[in-house]
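Structure data (mmCIF, C-alpha atoms) from target.cif:
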```cif
data_model
loop_
_atom_site.label_atom_id
_atom_site.label_comp_id
_atom_site.auth_asym_id
_atom_site.auth_seq_id
_atom_site.Cartn_x
_atom_site.Cartn_y
_atom_site.Cartn_z
CA MET A 1 85.45 104.10 121.85
CA LYS A 2 89.15 104.34 122.27
CA LYS A 3 92.05 106.68 122.87
CA MET A 4 94.44 107.92 120.20
CA LYS A 5 91.90 107.58 117.41
CA ARG A 6 92.41 110.65 115.31
CA ILE A 7 94.08 109.20 112.26
CA GLY A 8 95.29 112.47 110.75
CA LYS A 9 96.35 114.27 113.94
CA CYS A 10 99.59 116.26 113.82
CA LEU A 11 100.29 115.21 110.22
CA SER A 12 100.43 117.55 107.24
CA LEU A 13 98.71 116.87 103.95
CA PHE A 14 102.16 116.38 102.43
CA THR A 15 102.96 113.64 104.93
CA LEU A 16 99.68 111.90 104.17
CA LEU A 17 100.31 112.12 100.44
CA MET A 18 103.80 110.69 100.80
CA LEU A 19 102.44 107.82 102.84
CA SER A 20 99.82 107.26 100.17
CA VAL A 21 102.48 107.05 97.47
CA THR A 22 104.55 104.65 99.55
CA LEU A 23 101.58 102.43 100.29
CA PHE A 24 100.39 102.53 96.68
CA ALA A 25 103.74 101.26 95.47
CA GLN A 26 103.69 98.57 98.12
CA VAL A 27 100.14 97.58 97.14
CA SER A 28 101.12 97.16 93.50
CA LYS A 29 104.13 95.05 94.45
CA GLU A 30 102.21 92.91 96.91
CA ASN A 31 99.23 92.36 94.63
CA SER A 32 101.44 91.28 91.74
CA ASN A 33 102.82 88.55 93.99
CA GLN A 34 99.52 87.56 95.61
CA LYS A 35 96.96 87.42 92.80
CA GLU A 36 95.37 84.30 94.27
CA LYS A 37 95.26 85.72 97.79
CA VAL A 38 94.09 89.33 97.95
CA TRP A 39 90.89 90.02 96.03
CA SER A 40 91.36 91.91 92.80
CA ARG A 41 90.05 95.45 92.72
CA GLU A 42 87.42 94.32 90.25
CA LYS A 43 86.18 91.57 92.57
CA ALA A 44 86.10 93.97 95.51
CA ASP A 45 84.18 96.57 93.49
CA THR A 46 81.68 93.95 92.32
CA TRP A 47 81.13 92.80 95.88
CA TYR A 48 80.60 96.36 97.10
CA ALA A 49 78.17 97.17 94.30
CA GLN A 50 75.98 94.23 95.32
CA HIS A 51 75.16 95.89 98.63
CA LYS A 52 73.10 98.89 99.56
CA TRP A 53 75.06 101.74 101.07
CA ILE A 54 76.49 100.19 104.24
CA SER A 55 75.41 101.98 107.41
CA GLY A 56 75.22 100.86 111.00
CA ALA A 57 76.94 100.78 114.36
CA ASN A 58 79.44 98.90 116.46
CA PHE A 59 77.14 96.73 118.55
CA ILE A 60 77.19 95.19 121.99
CA PRO A 61 73.95 94.74 123.94
CA GLY A 62 73.39 97.17 126.80
CA THR A 63 73.50 94.29 129.29
CA ALA A 64 77.10 93.33 128.43
CA VAL A 65 80.13 95.10 129.87
CA ASN A 66 82.50 93.57 127.31
CA GLN A 67 82.85 90.91 124.61
CA LEU A 68 83.07 88.05 127.09
CA GLU A 69 79.84 89.02 128.82
CA MET A 70 78.20 89.20 125.42
CA TRP A 71 79.29 85.74 124.26
CA GLN A 72 79.70 83.52 127.33
CA ALA A 73 76.86 81.05 127.86
CA ALA A 74 75.81 82.35 131.28
CA THR A 75 75.31 85.93 130.09
CA PHE A 76 74.40 85.64 126.40
CA ASP A 77 71.24 87.73 126.10
CA PRO A 78 69.27 87.10 122.89
CA LYS A 79 66.20 88.94 124.21
CA THR A 80 68.12 92.21 124.58
CA ILE A 81 69.94 91.65 121.28
CA ASP A 82 66.60 91.19 119.53
CA ARG A 83 65.10 94.31 121.07
CA GLU A 84 68.07 96.55 120.38
CA LEU A 85 68.62 95.33 116.82
CA GLY A 86 64.95 96.11 116.26
CA TRP A 87 65.68 99.74 117.12
CA ALA A 88 68.59 99.66 114.65
CA GLU A 89 66.33 98.26 111.94
CA ASN A 90 63.77 100.99 112.57
CA ILE A 91 66.28 103.70 111.64
CA GLY A 92 67.46 101.83 108.55
CA PHE A 93 70.77 100.42 109.74
CA ASN A 94 71.77 97.37 107.71
CA THR A 95 75.12 96.43 109.27
CA MET A 96 76.52 95.83 112.75
CA ARG A 97 80.19 95.46 113.64
CA VAL A 98 80.49 92.95 116.47
CA PHE A 99 83.55 91.86 118.48
CA LEU A 100 84.06 88.17 119.22
CA HIS A 101 86.46 86.80 121.86
CA SER A 102 88.79 83.81 121.79
CA LEU A 103 88.30 82.96 125.48
CA ALA A 104 84.55 82.51 124.98
CA TRP A 105 85.35 80.12 122.13
CA LYS A 106 88.01 78.31 124.16
CA GLU A 107 85.55 77.54 126.96
CA ASP A 108 83.11 75.82 124.61
CA PRO A 109 83.79 75.99 120.85
CA ASN A 110 80.53 74.37 119.79
CA GLY A 111 78.43 76.38 122.23
CA PHE A 112 80.17 79.56 121.11
CA LYS A 113 79.39 78.89 117.46
CA LYS A 114 75.80 78.10 118.40
CA ARG A 115 75.47 81.48 120.12
CA VAL A 116 77.04 83.23 117.12
CA SER A 117 74.48 81.42 114.95
CA ASP A 118 71.71 82.59 117.27
CA TYR A 119 72.95 86.15 117.01
CA LEU A 120 73.06 85.92 113.21
CA ARG A 121 69.52 84.57 113.11
CA ILE A 122 68.29 87.51 115.16
CA ALA A 123 70.23 90.04 113.09
CA ASP A 124 68.99 88.54 109.86
CA LYS A 125 65.41 88.81 111.10
CA HIS A 126 66.05 92.54 111.33
CA HIS A 127 67.65 92.64 107.85
CA ILE A 128 71.08 93.34 109.32
CA GLN A 129 74.38 91.86 108.17
CA THR A 130 77.37 91.58 110.49
CA ILE A 131 81.06 92.43 110.40
CA PHE A 132 82.75 90.16 112.94
CA VAL A 133 86.00 91.24 114.63
CA PHE A 134 88.52 88.68 115.90
CA PHE A 135 91.50 90.25 117.69
CA ASP A 136 91.71 93.59 119.51
CA ASP A 137 94.62 95.54 121.03
CA VAL A 138 92.53 98.02 123.00
CA TRP A 139 91.85 98.53 126.73
CA ASN A 140 92.36 95.93 129.46
CA PRO A 141 95.29 93.63 128.57
CA HIS A 142 94.43 90.65 130.80
CA PRO A 143 91.06 89.14 129.83
CA LYS A 144 89.70 86.41 132.08
CA ALA A 145 86.87 84.02 131.37
CA GLY A 146 84.01 83.73 133.84
CA LYS A 147 81.96 86.35 135.59
CA GLN A 148 82.98 89.81 134.40
CA PRO A 149 83.48 92.83 136.68
CA GLU A 150 80.77 95.43 137.05
CA PRO A 151 81.46 98.63 135.11
CA LYS A 152 83.25 101.44 136.88
CA ILE A 153 80.78 104.27 137.44
CA GLY A 154 81.09 107.03 134.86
CA VAL A 155 84.14 105.52 133.11
CA HIS A 156 84.20 104.93 129.35
CA ASN A 157 84.39 101.22 128.52
CA SER A 158 86.03 100.40 131.85
CA GLU A 159 85.91 96.62 131.45
CA TRP A 160 86.48 96.14 127.72
CA VAL A 161 89.20 93.53 127.20
CA GLN A 162 91.87 92.90 124.61
CA ASP A 163 92.01 89.71 122.62
CA PRO A 164 94.16 87.73 123.04
CA GLY A 165 95.78 90.13 125.51
CA VAL A 166 99.24 90.28 127.06
CA PRO A 167 101.54 88.36 126.69
CA GLU A 168 99.56 86.09 124.33
CA TYR A 169 99.45 88.58 121.44
CA ARG A 170 103.23 88.34 120.97
CA ASP A 171 104.08 84.94 122.48
CA THR A 172 104.14 82.57 119.52
CA THR A 173 103.54 79.53 121.72
CA TYR A 174 99.90 80.70 121.91
CA PHE A 175 99.55 81.09 118.15
CA PRO A 176 98.52 77.49 117.35
CA GLU A 177 95.48 77.78 119.62
CA LEU A 178 94.65 81.22 118.22
CA LYS A 179 94.84 79.71 114.74
CA ARG A 180 92.40 76.97 115.76
CA TYR A 181 90.01 79.62 117.03
CA VAL A 182 90.10 81.75 113.90
CA THR A 183 89.93 78.89 111.43
CA ASP A 184 87.24 76.99 113.34
CA VAL A 185 84.93 79.99 113.44
CA MET A 186 85.65 81.09 109.88
CA ARG A 187 85.20 77.62 108.38
CA PHE A 188 81.87 77.23 110.15
CA PHE A 189 80.58 80.53 108.70
CA ALA A 190 82.70 80.83 105.53
CA HIS A 191 79.69 80.71 103.21
CA ASP A 192 77.16 82.47 105.42
CA LYS A 193 75.61 85.40 103.55
CA ARG A 194 74.51 86.96 106.85
CA ILE A 195 78.15 87.87 107.46
CA LEU A 196 79.23 90.91 105.46
CA MET A 197 82.94 90.82 106.20
CA TRP A 198 85.64 89.58 108.59
CA ASP A 199 87.58 92.29 110.44
CA LEU A 200 90.61 90.33 111.57
CA TYR A 201 92.31 92.69 114.02
CA ASN A 202 90.96 95.85 115.64
CA GLU A 203 93.53 98.62 115.98
CA PRO A 204 96.70 96.52 115.93
CA GLY A 205 99.47 98.33 117.75
CA ASN A 206 97.22 100.22 120.16
CA SER A 207 97.86 100.31 123.92
CA GLY A 208 101.51 101.11 123.25
CA LYS A 209 102.18 97.86 121.40
CA GLY A 210 103.25 99.43 118.14
CA ASN A 211 104.88 97.11 115.64
CA THR A 212 105.09 94.26 118.16
CA SER A 213 101.57 93.37 116.97
CA LEU A 214 102.76 92.79 113.40
CA PRO A 215 103.56 89.05 113.75
CA LEU A 216 100.03 88.22 114.97
CA LEU A 217 98.52 90.52 112.34
CA GLU A 218 100.46 88.70 109.64
CA LYS A 219 99.43 85.31 110.98
CA VAL A 220 95.72 86.06 111.27
CA PHE A 221 95.63 87.12 107.62
CA GLN A 222 97.48 83.94 106.67
CA TRP A 223 95.04 81.82 108.66
CA ALA A 224 92.04 83.57 107.16
CA ARG A 225 93.32 83.10 103.59
CA GLU A 226 93.72 79.38 104.24
CA VAL A 227 89.98 79.16 104.89
CA HIS A 228 89.00 80.85 101.59
CA PRO A 229 85.82 82.47 102.94
CA ASP A 230 83.23 83.93 100.58
CA GLN A 231 83.34 87.17 102.55
CA PRO A 232 86.14 89.73 102.20
CA ILE A 233 88.70 90.19 104.95
CA THR A 234 90.13 93.42 106.30
CA ALA A 235 91.85 95.14 109.22
CA GLY A 236 91.18 98.82 109.72
CA LEU A 237 93.74 101.60 109.57
CA TRP A 238 93.61 103.83 112.62
CA LYS A 239 96.94 105.60 113.18
CA TRP A 240 99.15 106.88 110.37
CA ARG A 241 102.38 106.73 112.36
CA LEU A 242 102.25 102.92 112.53
CA GLU A 243 103.61 102.70 109.00
CA LYS A 244 104.62 99.02 109.00
CA LEU A 245 101.21 97.99 110.25
CA ASN A 246 99.44 100.36 107.85
CA GLU A 247 101.35 98.99 104.87
CA PHE A 248 100.48 95.44 105.75
CA GLN A 249 96.83 96.23 106.38
CA VAL A 250 96.39 98.08 103.08
CA THR A 251 98.21 95.48 100.99
CA HIS A 252 96.41 92.49 102.48
CA SER A 253 92.82 93.76 102.90
CA ASP A 254 90.24 92.97 100.23
CA VAL A 255 88.26 96.07 101.24
CA ILE A 256 89.91 99.02 102.97
CA THR A 257 88.50 99.96 106.36
CA TYR A 258 89.55 102.71 108.71
CA HIS A 259 88.67 104.64 111.89
CA ASP A 260 88.37 108.41 112.15
CA TYR A 261 86.97 110.55 114.95
CA GLU A 262 87.90 113.97 113.59
CA GLY A 263 85.76 116.69 112.07
CA PRO A 264 84.65 116.72 108.43
CA VAL A 265 87.58 118.62 106.89
CA LYS A 266 90.27 116.26 108.17
CA HIS A 267 88.06 113.21 107.74
CA LEU A 268 87.46 114.06 104.08
CA ARG A 269 91.21 114.40 103.59
CA VAL A 270 91.65 110.85 104.88
CA ILE A 271 88.94 109.58 102.53
CA GLN A 272 90.65 111.21 99.56
CA ILE A 273 93.97 109.61 100.47
CA LEU A 274 92.51 106.15 100.99
CA LYS A 275 90.48 106.28 97.79
CA SER A 276 93.77 106.44 95.87
CA PHE A 277 94.14 102.69 96.45
CA GLY A 278 91.13 102.01 94.24
CA ARG A 279 89.22 99.74 96.60
CA PRO A 280 85.86 100.03 98.36
CA LEU A 281 86.11 102.04 101.55
CA ILE A 282 84.24 101.58 104.83
CA CYS A 283 84.67 103.70 107.95
CA THR A 284 84.20 101.16 110.73
CA GLU A 285 84.45 103.67 113.59
CA TYR A 286 83.42 107.33 113.78
CA MET A 287 81.08 109.64 115.75
CA ALA A 288 82.34 111.25 118.94
CA ARG A 289 80.19 114.33 119.41
CA PRO A 290 82.54 116.49 121.55
CA LEU A 291 85.32 115.95 118.97
CA ASN A 292 83.04 117.32 116.22
CA SER A 293 82.60 113.91 114.64
CA ARG A 294 78.81 113.88 114.46
CA PHE A 295 76.04 112.31 112.49
CA SER A 296 75.10 115.75 111.17
CA ASN A 297 78.48 116.54 109.60
CA ILE A 298 80.07 113.12 108.94
CA MET A 299 77.35 110.68 107.92
CA PRO A 300 76.08 112.74 104.93
CA MET A 301 79.67 113.17 103.75
CA LEU A 302 80.30 109.43 103.95
CA LYS A 303 77.21 108.70 101.90
CA ALA A 304 78.12 111.36 99.32
CA GLN A 305 81.57 109.73 99.02
CA ASN A 306 80.05 106.21 98.84
CA VAL A 307 81.96 105.23 101.97
CA GLY A 308 80.34 102.80 104.39
CA ALA A 309 79.45 104.37 107.74
CA ILE A 310 79.69 102.35 110.98
CA ASN A 311 79.55 104.60 114.05
CA TRP A 312 80.56 103.66 117.56
CA GLY A 313 77.66 102.77 119.80
CA LEU A 314 73.97 101.96 119.45
CA VAL A 315 72.40 101.79 122.94
CA THR A 316 73.89 103.24 126.11
CA GLY A 317 74.54 100.47 128.61
CA LYS A 318 77.19 98.79 130.72
CA THR A 319 80.04 99.88 128.44
CA ASN A 320 79.38 103.50 129.48
CA THR A 321 80.44 104.85 126.10
CA LYS A 322 78.26 107.90 126.48
CA TYR A 323 81.16 109.13 128.64
CA ALA A 324 84.28 110.50 126.96
CA TRP A 325 87.55 108.55 126.73
CA ASN A 326 89.54 110.62 129.22
CA LYS A 327 86.83 112.37 131.22
CA PRO A 328 85.39 110.03 133.85
CA MET A 329 82.41 111.14 135.91
CA PRO A 330 82.74 109.28 139.23
CA ASN A 331 79.28 110.39 140.33
CA GLY A 332 77.75 108.68 137.30
CA GLY A 333 75.95 111.82 136.26
CA GLU A 334 74.77 112.70 132.80
CA PRO A 335 77.56 114.14 130.63
CA ALA A 336 76.96 117.55 129.11
CA GLU A 337 76.95 115.79 125.75
CA TRP A 338 77.02 112.08 125.03
CA PHE A 339 80.30 110.91 123.52
CA HIS A 340 78.88 107.88 121.62
CA ASP A 341 75.57 105.99 121.34
CA ILE A 342 72.18 106.73 119.79
CA PHE A 343 69.49 105.31 122.11
CA HIS A 344 68.66 105.36 125.79
CA LYS A 345 68.13 101.98 127.46
CA ASN A 346 64.37 102.19 126.83
CA GLY A 347 64.84 102.81 123.11
CA THR A 348 64.14 106.54 123.03
CA PRO A 349 66.66 108.50 120.97
CA TYR A 350 69.30 110.63 122.67
CA ARG A 351 68.64 113.20 119.94
CA GLN A 352 65.58 112.97 117.75
CA ASP A 353 67.15 115.18 115.07
CA GLU A 354 70.01 112.70 114.70
CA VAL A 355 67.62 109.77 114.33
CA ASN A 356 65.61 111.72 111.77
CA LEU A 357 68.77 112.35 109.75
CA ILE A 358 69.92 108.72 109.97
CA LYS A 359 66.52 107.54 108.77
CA LYS A 360 66.56 110.03 105.90
CA LEU A 361 70.03 108.97 104.76
CA ASN A 362 68.96 105.33 104.96
CA GLY A 363 65.80 105.96 102.93
CA ILE A 364 63.37 105.41 105.81
CA LYS A 365 60.30 107.67 105.80
#
```
Please, can you express the file's structure as structure tokens?
Amino acid sequence: MKKMKRIGKCLSLFTLLMLSVTLFAQVSKENSNQKEKVWSREKADTWYAQHKWISGANFIPGTAVNQLEMWQAATFDPKTIDRELGWAENIGFNTMRVFLHSLAWKEDPNGFKKRVSDYLRIADKHHIQTIFVFFDDVWNPHPKAGKQPEPKIGVHNSEWVQDPGVPEYRDTTYFPELKRYVTDVMRFFAHDKRILMWDLYNEPGNSGKGNTSLPLLEKVFQWAREVHPDQPITAGLWKWRLEKLNEFQVTHSDVITYHDYEGPVKHLRVIQILKSFGRPLICTEYMARPLNSRFSNIMPMLKAQNVGAINWGLVTGKTNTKYAWNKPMPNGGEPAEWFHDIFHKNGTPYRQDEVNLIKKLNGIK
């Protein structure tokens, strides 16, 4: 979905190994001081073993241009959600990663939680669990509630919005309200088995923010721990150079998650590094065909490594993620090769061979 995703780019294996050693030492130190906070490795392994191999997609219905259009009362679309999650079920997907938004909650907290409950009911009907995402540092920095703009023709995710955005993400006067949002939602669903995991912050430090996102990242983990949810909490690694953020994410996540849009050789190297921390591993973003991150060469590897596989994109729609990050097509034509997504708007596969492979890996005949 986003720019600057390739987690191993421009780094040598030695650099990755050194970072691994540094983080491992930090993990040991942090865990010795936080035994009642971060799940033990044994608890995390037990949790992971209780689930089938986790596979699925990042999901937003094709009728929504961004998170706000998905969750606001006027545009919440359970009919489309039901139809599209049915297509996901048919190919054996069991997990969706779904972005929430604090402004939709702020407008109507009870109505927001009702819509989240409606979504979970629909997903559960299709035997799908959900990873919910709270904050996000990617794309448009000034989200506004209300009617959302129409997508820009041929532009990848042109109207996706950050949460909480600028300057809220670093202005501590906004933090009390952000805490109310996170804790209200988490307390309401803290024991809901339909939720697989809480992903507290998507790509902290993206959009040029760097380590200025660390204070909010630290706070959202603190707020989540205060709730004591049954589900594990995490925040995915996505860029090795953000060492302070990476250290915090690894040492405070119950289950390690990460993003990688590179080919199989470099992606496998990342898996090997991250496995050194001894925790379950889930790739919560991958699959960008022109970058050689494909179902054919990545998904089988993830299954063989027992790493959860959550690709970007299910159905092509208003987010326009079939177009590449930096290659707009102003005429709205069909790209030579789709960047993300699996299905056309009518439910037919973009590539039948990919769907056949996904079904095979998920045990669907």
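The residue that comes closest to Lys144 in chain A, out of A:Asn320, A:Thr234, A:Gln67, A:Ser213 and on the basis of only C-alpha atoms, is A:Gln67.
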Exercise. Name the residues captured by the PyMOL selection byres ((chain A and resi 363) around 12) when it is applied to the shown file; answer as a count of residues only.
Key: 19
Self-check item: Residue with smallest distance to Phe135 in chain A - pool A:Leu216, A:Ala224, A:Val270, A:Ala74, counting only C-alpha atoms
Solution: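 Smallest distance to Phe135 in chain A is found for A:Leu216.
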Practice problem: Identify all residues satisfying the PyMOL selection byres ((chain A and resi 154) around 6) in the given file; provide them as a ChimeraX atom specification. | Solution: /A:153,155,328-330,332
Axis-aligned box for all listed atoms of range 263-267 of chain A, 8 Å per side, centre and edges in Å to one decimal, as AutoDock Vina command-line options:
```
--center_x 87.5 --center_y 115.9 --center_z 109.5 --size_x 21.6 --size_y 21.4 --size_z 21.2
```
Quiz item: the PyMOL selection byres ((chain A and resi 59-61) around 6) on the file shown: which residues, as a list in words?
Solution: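 Evaluating the PyMOL selection byres ((chain A and resi 59-61) around 6) on these coordinates yields Ala57, Asn58, Gly62, Thr63, Ala64, Ile81, Met96, Arg97 and Val98 of chain A.
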May I have the residues from that selection written out with C-alpha atoms, as an mmCIF file, in the frame of the given file?
```cif
data_model
loop_
_atom_site.group_PDB
_atom_site.id
_atom_site.type_symbol
_atom_site.label_atom_id
_atom_site.label_comp_id
_atom_site.auth_asym_id
_atom_site.auth_seq_id
_atom_site.Cartn_x
_atom_site.Cartn_y
_atom_site.Cartn_z
ATOM 1 C CA ALA A 57 76.940 100.780 114.360
ATOM 2 C CA ASN A 58 79.440 98.900 116.460
ATOM 3 C CA GLY A 62 73.390 97.170 126.800
ATOM 4 C CA THR A 63 73.500 94.290 129.290
ATOM 5 C CA ALA A 64 77.100 93.330 128.430
ATOM 6 C CA ILE A 81 69.940 91.650 121.280
ATOM 7 C CA MET A 96 76.520 95.830 112.750
ATOM 8 C CA ARG A 97 80.190 95.460 113.640
ATOM 9 C CA VAL A 98 80.490 92.950 116.470
#
```
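Distances from A:Glu285, A:Glu218, A:Asp137, A:Asp45 to His101 in chain A were compared using only C-alpha atoms, and the smallest one belongs to A:Asp137.
Between CA of Trp312 in chain A and CA of Asp341 in chain A the separation is 6.7 Å.
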Practice problem: Have a look at A:His340, A:His191, A:Lys266, A:Lys219 and name the one nearest to Asn311 in chain A; count all atoms listed in the file. | Solution: A:His340
Self-check item: Trp223 in chain A environment, 8 Å, all atoms listed in the file, sequence neighbours closer than 2 positions dropped, as a list in words
Solution: Lys179, Val182, Thr183, Lys219, Val220, Phe221, Arg225, Glu226 and Val227 of chain A
Using C-alpha atoms, can you export the residues from the last selection as a compact mmCIF listing (two decimals), in the coordinates of the input?
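Result file is out-v1.txt:
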```
# COMPACT_ATOMS: atom_id res chain seq x y z
CA LYS A 179 94.84 79.71 114.74
CA VAL A 182 90.10 81.75 113.90
CA THR A 183 89.93 78.89 111.43
CA LYS A 219 99.43 85.31 110.98
CA VAL A 220 95.72 86.06 111.27
CA PHE A 221 95.63 87.12 107.62
CA ARG A 225 93.32 83.10 103.59
CA GLU A 226 93.72 79.38 104.24
CA VAL A 227 89.98 79.16 104.89
```
Practice problem: Return the single residue from A:Gln162, A:Asn306, A:Gln231, A:Thr251 that is closest to Phe189 in chain A, with distances computed using all atoms listed in the file. | Solution: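 The answer is A:Gln231, which sits nearest to Phe189 in chain A.
Separating CA of Ala88 in chain A from CA of Asn297 in chain A is a distance of 20.2 Å.
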Quiz item: Smallest atom-to-atom distance to Phe134 in chain A: which of A:Leu217, A:Ala44, A:Ala104, A:Leu200, using all atoms listed in the file?
Solution: A:Leu200
Self-check item: Spatial neighbours of Tyr286 in chain A, max dist 12 Å, all atoms listed in the file, sep filter under 5 positions, as an MDAnalysis selection string
Solution: chainID A and resid 1:2 5:7 55:58 238 257:264 267 291:295 297:299 302 308:313 339:341
Quiz item: If you measure from CA of Gln305 in chain A to CA of Ile271 in chain A, what distance in Å do you get, rounded to one decimal?
Solution: 8.2 Å
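For the point (79.6, 97.7, 132.5), the residues with at least one atom inside 9 Å, counting only C-alpha atoms, are A:Gly62, A:Thr63, A:Ala64, A:Val65, A:Asn66, A:Gln148, A:Pro149, A:Glu150, A:Pro151, A:Lys152, A:Ile153, A:Asn157, A:Ser158, A:Glu159, A:Trp160, A:Gly317, A:Lys318, A:Thr319, A:Asn320.
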Quiz item: Which residues come within 10 Å of Lys147 in chain A, counting all atoms listed in the file, excluding same-chain residues fewer than 6 positions away, as an MDAnalysis selection string?
Solution: chainID A and resid 68:69 72 74:75
Emit a file covering range 305-327 of chain A of the preceding structure with N, CA and C atoms, as a short mmCIF file (atom, residue, chain, number, x, y, z; two decimals), in the first residue's frame.
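part-v7.cif, written as the output of this step:
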```cif
data_model
loop_
_atom_site.label_atom_id
_atom_site.label_comp_id
_atom_site.auth_asym_id
_atom_site.auth_seq_id
_atom_site.Cartn_x
_atom_site.Cartn_y
_atom_site.Cartn_z
N GLN A 305 7.54 -21.54 6.58
CA GLN A 305 8.22 -20.99 7.75
C GLN A 305 7.29 -20.82 8.96
N ASN A 306 6.02 -21.19 8.80
CA ASN A 306 5.00 -21.02 9.83
C ASN A 306 4.85 -19.55 10.24
N VAL A 307 4.90 -18.69 9.25
CA VAL A 307 4.72 -17.24 9.44
C VAL A 307 3.36 -16.86 8.88
N GLY A 308 2.55 -16.16 9.67
CA GLY A 308 1.26 -15.71 9.18
C GLY A 308 1.40 -14.82 7.96
N ALA A 309 0.41 -14.88 7.06
CA ALA A 309 0.52 -14.20 5.77
C ALA A 309 -0.71 -13.33 5.52
N ILE A 310 -0.54 -12.02 5.66
CA ILE A 310 -1.63 -11.06 5.43
C ILE A 310 -1.20 -10.12 4.31
N ASN A 311 -1.72 -10.34 3.10
CA ASN A 311 -1.32 -9.50 1.97
C ASN A 311 -2.08 -8.18 1.96
N TRP A 312 -1.57 -7.24 1.14
CA TRP A 312 -2.34 -6.00 0.99
C TRP A 312 -3.37 -6.19 -0.12
N GLY A 313 -4.63 -5.96 0.23
CA GLY A 313 -5.68 -5.82 -0.76
C GLY A 313 -6.47 -7.07 -1.04
N LEU A 314 -7.81 -6.95 -1.01
CA LEU A 314 -8.69 -8.06 -1.34
C LEU A 314 -9.44 -7.77 -2.64
N VAL A 315 -10.21 -6.68 -2.67
CA VAL A 315 -11.04 -6.35 -3.83
C VAL A 315 -10.64 -4.96 -4.34
N THR A 316 -10.43 -4.84 -5.63
CA THR A 316 -10.11 -3.52 -6.17
C THR A 316 -11.33 -2.60 -6.03
N GLY A 317 -11.10 -1.38 -5.61
CA GLY A 317 -12.20 -0.46 -5.38
C GLY A 317 -11.72 0.97 -5.31
N LYS A 318 -12.33 1.76 -4.44
CA LYS A 318 -12.06 3.19 -4.40
C LYS A 318 -10.65 3.53 -3.90
N THR A 319 -10.00 2.59 -3.23
CA THR A 319 -8.62 2.89 -2.80
C THR A 319 -7.63 2.84 -3.95
N ASN A 320 -8.03 2.23 -5.07
CA ASN A 320 -7.16 2.21 -6.26
C ASN A 320 -5.80 1.57 -6.02
N THR A 321 -5.76 0.53 -5.18
CA THR A 321 -4.46 -0.06 -4.88
C THR A 321 -4.02 -1.08 -5.93
N LYS A 322 -4.76 -1.20 -7.01
CA LYS A 322 -4.22 -1.97 -8.13
C LYS A 322 -3.15 -1.16 -8.87
N TYR A 323 -3.14 0.16 -8.62
CA TYR A 323 -2.09 1.03 -9.19
C TYR A 323 -0.89 1.07 -8.26
N ALA A 324 0.29 1.26 -8.82
CA ALA A 324 1.52 1.25 -8.03
C ALA A 324 1.67 2.54 -7.23
N TRP A 325 2.49 2.47 -6.17
CA TRP A 325 2.69 3.61 -5.27
C TRP A 325 3.05 4.89 -6.03
N ASN A 326 4.03 4.83 -6.88
CA ASN A 326 4.58 6.06 -7.48
C ASN A 326 4.35 6.14 -8.98
N LYS A 327 3.35 5.42 -9.47
CA LYS A 327 3.11 5.41 -10.91
C LYS A 327 1.63 5.66 -11.21
#
```
